[in-house]
Amino acid sequence: MKKISKISKVILLTLINPNATMPKTLISQIWKEYQDTGDKRLLADAVRYADFGNNPQIQEEICAILLKSAGKRSDYDQKVRDRDIVRVHEINLEDGLSITASYNRISDELGLSADAVRKVIEKSAEKPD
């Protein structure tokens with residue numbers, strides 16, 4: 001069985017429970033990883049899962065600016081994101097969500113279209129483990 005980082009676990013749990021906020025200790029961990037790597041996507045993740053209260057538009061704008069300036073995802077980042085999408089989809093189905101509802105929940109949280117989520121899941125089903 002493959003190990004996943006603490007950050008990936010929290011992001012997965014936050015996708016499952018969209019009302020959850022990321023604990024400050026994990027935001028601090030993301031900050032440290034950002035300092036080590038300079039990857040602005042880590043900052044965007046911290047902002048995405050932080051509690052901005054009644055100001056989600058500020059949160060969305062900061063994430064958009066960070067992601068735009070971060071550039072293209074690395075192949076590794078893409079694989080991790082795709083793997084997490086598949087895992088969350090499986091958990092959603094186990095929890096009784098329909099396939100469509102799962103696609104929609106994941107797409108809403110990640111800012112992707114439901115069709116993009118569907119393609120990631122179908123592509124993973126075609127690959128042997």
# chains A, B, ... in the order shown; residues from 1 in each chain; ligands from 1

call {"tool": "residues_around", "arguments": {"residues": "Gly38 in chain A", "least_positions_apart": "5", "cutoff": "12 Å", "atoms": "only C-alpha atoms", "output": "tab-separated table (two decimals) with N, CA and C atoms, in the first residue's frame"}}
result
chain	number	residue	atom	x	y	z
A	30	ILE	N	2.49	23.32	5.54
A	30	ILE	CA	2.48	23.70	4.13
A	30	ILE	C	3.41	24.89	3.91
A	31	TRP	N	3.39	25.85	4.83
A	31	TRP	CA	4.26	27.02	4.72
A	31	TRP	C	5.72	26.58	4.70
A	32	LYS	N	6.09	25.65	5.60
A	32	LYS	CA	7.47	25.16	5.64
A	32	LYS	C	7.83	24.48	4.32
A	33	GLU	N	6.93	23.66	3.79
A	33	GLU	CA	7.19	23.00	2.52
A	33	GLU	C	7.33	24.03	1.39
A	43	LEU	N	1.09	27.25	-1.41
A	43	LEU	CA	0.44	28.41	-0.80
A	43	LEU	C	-1.03	28.48	-1.19
A	44	ALA	N	-1.31	28.18	-2.46
A	44	ALA	CA	-2.71	28.18	-2.91
A	44	ALA	C	-3.52	27.15	-2.13
A	66	LEU	N	-2.14	33.04	-7.16
A	66	LEU	CA	-1.03	32.13	-6.84
A	66	LEU	C	-0.89	31.04	-7.89
A	69	SER	N	0.48	32.38	-11.21
A	69	SER	CA	1.91	32.68	-11.16
A	69	SER	C	2.76	31.42	-10.94
A	70	ALA	N	2.13	30.32	-10.51
A	70	ALA	CA	2.87	29.08	-10.24
A	70	ALA	C	3.28	28.37	-11.53

call {"tool": "residues_around", "arguments": {"residues": "range 60-63 of chain A", "least_positions_apart": "4", "cutoff": "7 Å", "atoms": "only C-alpha atoms", "output": "PyMOL selection string"}}
result
chain A and resi 44+47-48+56+67

call {"tool": "write_last_selection", "arguments": {"atoms": "N, CA and C atoms", "output": "compact mmCIF listing (two decimals), in the first residue's frame"}}
result
# COMPACT_ATOMS: atom_id res chain seq x y z
N ALA A 44 -1.31 28.18 -2.46
CA ALA A 44 -2.71 28.18 -2.91
C ALA A 44 -3.52 27.15 -2.13
N VAL A 47 -4.26 28.55 1.32
CA VAL A 47 -5.32 29.57 1.24
C VAL A 47 -6.67 28.91 0.99
N ARG A 48 -6.70 27.92 0.10
CA ARG A 48 -7.95 27.25 -0.26
C ARG A 48 -8.61 26.61 0.95
N PRO A 56 -15.36 34.45 0.82
CA PRO A 56 -14.79 33.46 -0.09
C PRO A 56 -14.22 34.07 -1.36
N LEU A 67 -2.01 30.44 -8.28
CA LEU A 67 -1.95 29.36 -9.26
C LEU A 67 -1.50 29.86 -10.63

call {"tool": "atom_distance", "arguments": {"atom1": "CA of Ile106 in chain A", "atom2": "CA of Tyr49 in chain A"}}
result
14.3 Å

call {"tool": "select_by_dssp", "arguments": {"residues": "range 43-125 of chain A", "states": "helix (DSSP H, G or I)", "output": "ChimeraX atom specification"}}
result
/A:43-49,56-70,75-94,99-110,114-125

call {"tool": "closest_residue", "arguments": {"among": "A:Asp82, A:Glu90, A:Asn104, A:Gly111", "to": "Ser124 in chain A", "atoms": "only C-alpha atoms"}}
result
A:Asp82
